[in-house]
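Note: the block below is data.pdb and it holds PDB, C-alpha atoms.
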ATOM      1  CA  MET A   1      11.915   4.170  -6.507
ATOM      2  CA  GLN A   2      11.782   3.681  -2.782
ATOM      3  CA  LEU A   3      10.270   0.456  -1.408
ATOM      4  CA  ASP A   4       9.439   0.123   2.303
ATOM      5  CA  ILE A   5       8.173  -3.185   3.694
ATOM      6  CA  THR A   6       6.960  -3.399   7.275
ATOM      7  CA  GLY A   7       5.257  -6.129   9.253
ATOM      8  CA  HIS A   8       2.749  -5.940  12.085
ATOM      9  CA  HIS A   9       2.839  -9.060  14.238
ATOM     10  CA  ILE A  10       4.978 -10.773  11.588
ATOM     11  CA  ASP A  11       8.659 -10.921  10.775
ATOM     12  CA  VAL A  12       9.346 -10.001   7.171
ATOM     13  CA  THR A  13      11.563 -12.867   6.073
ATOM     14  CA  PRO A  14      13.951 -12.578   3.130
ATOM     15  CA  LEU A  15      11.624 -14.921   1.230
ATOM     16  CA  LEU A  16       8.643 -12.565   1.711
ATOM     17  CA  ASN A  17      10.843  -9.580   0.929
ATOM     18  CA  ASN A  18      11.995 -11.098  -2.376
ATOM     19  CA  TYR A  19       8.439 -12.141  -3.272
ATOM     20  CA  ILE A  20       7.164  -8.587  -2.757
ATOM     21  CA  ARG A  21      10.052  -7.123  -4.763
ATOM     22  CA  GLU A  22       9.236  -9.530  -7.607
ATOM     23  CA  LYS A  23       5.597  -8.381  -7.621
ATOM     24  CA  VAL A  24       6.613  -4.712  -7.522
ATOM     25  CA  THR A  25       8.751  -5.085 -10.639
ATOM     26  CA  ARG A  26       5.578  -6.070 -12.490
ATOM     27  CA  LEU A  27       4.029  -2.750 -11.461
ATOM     28  CA  LYS A  28       7.076  -0.821 -12.647
ATOM     29  CA  ARG A  29       6.851  -2.561 -16.015
ATOM     30  CA  HIS A  30       3.436  -0.977 -16.632
ATOM     31  CA  PHE A  31       4.180   2.475 -15.252
ATOM     32  CA  ASP A  32       7.706   3.742 -14.679
ATOM     33  CA  GLN A  33       6.770   6.927 -12.786
ATOM     34  CA  VAL A  34       6.324   5.190  -9.424
ATOM     35  CA  LEU A  35       8.028   7.329  -6.774
ATOM     36  CA  SER A  36       7.594   5.268  -3.602
ATOM     37  CA  ILE A  37       5.783   2.170  -2.359
ATOM     38  CA  HIS A  38       4.998   1.347   1.263
ATOM     39  CA  VAL A  39       3.822  -2.227   1.915
ATOM     40  CA  ILE A  40       2.418  -3.305   5.282
ATOM     41  CA  LEU A  41       1.941  -6.994   6.084
ATOM     42  CA  GLU A  42      -0.272  -7.840   9.036
ATOM     43  CA  VAL A  43      -1.333 -11.089  10.662
ATOM     44  CA  GLN A  44      -4.648 -11.106  12.491
ATOM     45  CA  LYS A  45      -6.468 -14.008  14.115
ATOM     46  CA  HIS A  46      -7.599 -16.062  11.130
ATOM     47  CA  HIS A  47      -6.439 -14.113   8.117
ATOM     48  CA  ASN A  48      -3.485 -12.288   6.675
ATOM     49  CA  LYS A  49      -3.684  -8.740   5.408
ATOM     50  CA  ALA A  50      -1.441  -6.958   2.931
ATOM     51  CA  GLU A  51      -1.849  -3.294   2.109
ATOM     52  CA  ALA A  52       0.162  -0.907   0.006
ATOM     53  CA  SER A  53       0.339   2.802  -0.554
ATOM     54  CA  ILE A  54       1.930   4.038  -3.779
ATOM     55  CA  ASN A  55       2.952   7.558  -4.681
ATOM     56  CA  VAL A  56       3.039   8.108  -8.427
ATOM     57  CA  SER A  57       3.510  11.364 -10.232
ATOM     58  CA  GLY A  58       0.267  13.235  -9.726
ATOM     59  CA  ASN A  59      -1.618  10.686  -7.626
ATOM     60  CA  HIS A  60      -1.714   8.504  -4.515
ATOM     61  CA  ILE A  61      -2.885   4.890  -4.901
ATOM     62  CA  PHE A  62      -3.948   2.616  -2.028
ATOM     63  CA  ALA A  63      -5.041  -1.024  -2.000
ATOM     64  CA  ASP A  64      -5.428  -3.795   0.540
ATOM     65  CA  ALA A  65      -6.187  -7.509   0.464
ATOM     66  CA  ASP A  66      -7.272 -10.109   3.056
ATOM     67  CA  GLU A  67      -6.599 -13.799   2.453
ATOM     68  CA  GLN A  68      -5.953 -16.983   4.413
ATOM     69  CA  ASP A  69      -2.370 -17.203   3.122
ATOM     70  CA  MET A  70       0.104 -14.297   3.117
ATOM     71  CA  TYR A  71       1.372 -15.118  -0.382
ATOM     72  CA  ALA A  72      -2.213 -15.161  -1.684
ATOM     73  CA  ALA A  73      -2.801 -11.775  -0.032
ATOM     74  CA  ILE A  74       0.309 -10.372  -1.735
ATOM     75  CA  ASP A  75      -0.841 -11.775  -5.092
ATOM     76  CA  SER A  76      -4.292 -10.241  -4.679
ATOM     77  CA  LEU A  77      -2.742  -6.929  -3.620
ATOM     78  CA  ALA A  78      -0.455  -6.893  -6.667
ATOM     79  CA  ASP A  79      -3.418  -7.549  -8.977
ATOM     80  CA  LYS A  80      -5.418  -4.689  -7.437
ATOM     81  CA  LEU A  81      -2.485  -2.299  -7.682
ATOM     82  CA  ASP A  82      -1.841  -3.350 -11.257
ATOM     83  CA  ARG A  83      -5.425  -2.519 -12.252
ATOM     84  CA  GLN A  84      -5.312   0.824 -10.459
ATOM     85  CA  ILE A  85      -2.003   1.801 -12.068
ATOM     86  CA  LEU A  86      -3.299   0.912 -15.524
ATOM     87  CA  LYS A  87      -6.418   2.997 -14.852
ATOM     88  CA  HIS A  88      -4.256   5.920 -13.713
ATOM     89  CA  LYS A  89      -2.105   5.559 -16.816
ATOM     90  CA  GLU A  90      -5.212   5.664 -19.031
ATOM     91  CA  LYS A  91      -6.431   8.825 -17.301
ATOM     92  CA  ILE A  92      -3.104  10.519 -17.956
ATOM     93  CA  ARG A  93      -3.030   9.530 -21.617
ATOM     94  CA  SER A  94      -6.716  10.144 -22.280
ATOM     95  CA  HIS A  95      -7.371  12.342 -25.294
ATOM     96  CA  HIS A  96     -10.808  13.324 -23.978
ATOM     97  CA  ARG A  97      -9.479  15.445 -21.130
ATOM     98  CA  ASN A  98      -9.462  18.678 -23.147
ATOM     99  CA  GLU A  99     -12.607  17.906 -25.099
ATOM    100  CA  GLY A 100     -14.674  20.725 -23.591
ATOM    101  CA  ASN A 101     -12.119  23.475 -24.198
ATOM    102  CA  HIS A 102     -13.377  24.326 -27.687
ATOM    103  CA  ARG A 103     -16.876  24.909 -26.287
ATOM    104  CA  ASN A 104     -15.539  27.423 -23.776
ATOM    105  CA  ILE A 105     -13.812  29.386 -26.505
ATOM    106  CA  VAL A 106     -17.023  29.615 -28.545
ATOM    107  CA  MET A 107     -19.038  30.701 -25.499
ATOM    108  CA  ASP A 108     -16.507  33.449 -24.705
ATOM    109  CA  GLN A 109     -16.840  34.907 -28.202
ATOM    110  CA  PHE A 110     -20.618  35.328 -27.855
ATOM    111  CA  ALA A 111     -20.460  36.847 -24.374
TER     112      ALA A 111
END
As structure tokens, how would this structure be written, given the file I've shared?
Amino acid sequence: MQLDITGHHIDVTPLLNNYIREKVTRLKRHFDQVLSIHVILEVQKHHNKAEASINVSGNHIFADADEQDMYAAIDSLADKLDRQILKHKEKIRSHHRNEGNHRNIVMDQFA
């Protein structure tokens, strides 16, 4: 897995870097098919913004979060990504995906 961390108007300190890596390991625990993650940290006038773009097998996931504190923004971002990855995992493992196939077979026989 490739992890890229960039900062706009902020220096990415080793403390922030380690904090983000810690949060990313939580995502990998739920879904191990994460190919790459790109995290962008940005400081604007009165708030901090964290956004991430994740490439997983078969999908592209994006989330962003605005908070007063950068660590709170990273926490909120990790929670959003966690929910989206779990939803993606459920879609992959869903047993209802091929539910309509038996109807198509029956319709073809009568045609």
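For Ile85 (chain A), the set of protein, DNA and RNA residues having any atom at most 8 Å away, when counting only C-alpha atoms and skipping those fewer than 5 positions along the same chain, is Leu27, His30, Phe31 and Ile61 of chain A.
When only C-alpha atoms are used to measure the gap to Asp82 (chain A), the shortest distance among A:Val34, A:Met70, A:Leu15, A:Leu3 belongs to A:Val34.
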Task: Expansion of the PyMOL selection byres ((chain A and resi 57) around 12) into residues, as a PyMOL selection string - done: chain A and resi 1+31-36+54-56+58-61+85+88-89+92
Open item on the list: I'd like to know which of A:Gln84, A:Gln68, A:Ser76, A:Thr13 is closest to His46 (chain A), using all atoms listed in the file.
Closed with: A:Gln68
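Here CA of Leu16 (chain A) is placed at a distance of 8.0 Å from CA of Tyr71 (chain A).
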Using 4 Å of padding on each side, determine the axis-aligned box around all atoms of region 61-68 of chain A present in the file and give its centre and edge lengths in Å to one decimal, as lines of an AutoDock Vina configuration file.
center_x = -5.1
center_y = -6.0
center_z = -0.2
size_x = 12.4
size_y = 29.9
size_z = 17.3
Open item on the list: To test your reading of the syntax: which residues would the PyMOL selection byres ((chain A and resi 78) around 12) return for the file shown? Reply as an MDAnalysis selection string.
Closed with: chainID A and resid 19:28 37 39 50:54 62:65 71:77 79:85
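CA of Asn17 (chain A) to CA of Glu42 (chain A) spans 13.9 Å [interatomic distance, one decimal].
Put simply, CA of Ile40 (chain A) is 7.3 Å away from CA of His8 (chain A).
For Lys45 (chain A), the set of protein, DNA and RNA residues having any atom at most 12 Å away, when counting only C-alpha atoms and skipping those fewer than 2 positions along the same chain, is His9, Glu42, Val43, His47, Asn48, Lys49, Asp66, Glu67 and Gln68 of chain A.
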Restore N, CA, C and O atoms in region 52-72 of chain A and list the result as a tab-separated table (two decimals), keeping the file's coordinate frame.
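The resulting selection-v3.tsv:
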chain	number	residue	atom	x	y	z
A	52	ALA	N	-0.91	-1.68	0.61
A	52	ALA	CA	0.16	-0.91	0.01
A	52	ALA	C	-0.33	0.49	-0.32
A	52	ALA	O	-1.49	0.69	-0.67
A	53	SER	N	0.59	1.42	-0.21
A	53	SER	CA	0.34	2.80	-0.55
A	53	SER	C	1.42	3.21	-1.55
A	53	SER	O	2.61	3.08	-1.26
A	54	ILE	N	1.00	3.70	-2.72
A	54	ILE	CA	1.93	4.04	-3.78
A	54	ILE	C	1.80	5.51	-4.12
A	54	ILE	O	0.69	6.01	-4.31
A	55	ASN	N	2.92	6.18	-4.20
A	55	ASN	CA	2.95	7.56	-4.68
A	55	ASN	C	3.48	7.54	-6.11
A	55	ASN	O	4.60	7.10	-6.35
A	56	VAL	N	2.64	7.97	-7.03
A	56	VAL	CA	3.04	8.11	-8.43
A	56	VAL	C	2.95	9.59	-8.77
A	56	VAL	O	2.37	10.36	-8.03
A	57	SER	N	3.53	9.95	-9.87
A	57	SER	CA	3.51	11.36	-10.23
A	57	SER	C	2.07	11.82	-10.44
A	57	SER	O	1.37	11.35	-11.33
A	58	GLY	N	1.60	12.68	-9.58
A	58	GLY	CA	0.27	13.24	-9.73
A	58	GLY	C	-0.83	12.50	-9.00
A	58	GLY	O	-1.99	12.92	-9.07
A	59	ASN	N	-0.54	11.43	-8.27
A	59	ASN	CA	-1.62	10.69	-7.63
A	59	ASN	C	-1.08	9.85	-6.48
A	59	ASN	O	0.12	9.60	-6.37
A	60	HIS	N	-2.01	9.40	-5.64
A	60	HIS	CA	-1.71	8.50	-4.51
A	60	HIS	C	-2.65	7.30	-4.65
A	60	HIS	O	-3.86	7.48	-4.74
A	61	ILE	N	-2.09	6.10	-4.69
A	61	ILE	CA	-2.88	4.89	-4.90
A	61	ILE	C	-2.77	4.01	-3.66
A	61	ILE	O	-1.67	3.80	-3.14
A	62	PHE	N	-3.91	3.49	-3.20
A	62	PHE	CA	-3.95	2.62	-2.03
A	62	PHE	C	-4.76	1.37	-2.35
A	62	PHE	O	-5.78	1.44	-3.03
A	63	ALA	N	-4.28	0.23	-1.85
A	63	ALA	CA	-5.04	-1.02	-2.00
A	63	ALA	C	-4.72	-1.92	-0.81
A	63	ALA	O	-3.65	-1.82	-0.20
A	64	ASP	N	-5.67	-2.80	-0.50
A	64	ASP	CA	-5.43	-3.80	0.54
A	64	ASP	C	-6.11	-5.10	0.16
A	64	ASP	O	-7.02	-5.12	-0.67
A	65	ALA	N	-5.64	-6.19	0.77
A	65	ALA	CA	-6.19	-7.51	0.46
A	65	ALA	C	-6.13	-8.38	1.71
A	65	ALA	O	-5.15	-8.35	2.46
A	66	ASP	N	-7.19	-9.15	1.96
A	66	ASP	CA	-7.27	-10.11	3.06
A	66	ASP	C	-7.40	-11.50	2.48
A	66	ASP	O	-8.28	-11.75	1.65
A	67	GLU	N	-6.55	-12.41	2.91
A	67	GLU	CA	-6.60	-13.80	2.45
A	67	GLU	C	-6.19	-14.71	3.61
A	67	GLU	O	-5.70	-14.25	4.64
A	68	GLN	N	-6.37	-16.00	3.42
A	68	GLN	CA	-5.95	-16.98	4.41
A	68	GLN	C	-4.43	-17.16	4.44
A	68	GLN	O	-3.85	-17.43	5.47
A	69	ASP	N	-3.80	-17.02	3.27
A	69	ASP	CA	-2.37	-17.20	3.12
A	69	ASP	C	-1.72	-15.86	2.81
A	69	ASP	O	-2.28	-15.06	2.04
A	70	MET	N	-0.54	-15.58	3.35
A	70	MET	CA	0.10	-14.30	3.12
A	70	MET	C	0.51	-14.13	1.65
A	70	MET	O	0.39	-13.05	1.08
A	71	TYR	N	0.98	-15.20	1.03
A	71	TYR	CA	1.37	-15.12	-0.38
A	71	TYR	C	0.16	-14.84	-1.27
A	71	TYR	O	0.25	-14.10	-2.24
A	72	ALA	N	-0.98	-15.43	-0.93
A	72	ALA	CA	-2.21	-15.16	-1.68
A	72	ALA	C	-2.64	-13.71	-1.49
A	72	ALA	O	-3.12	-13.07	-2.43
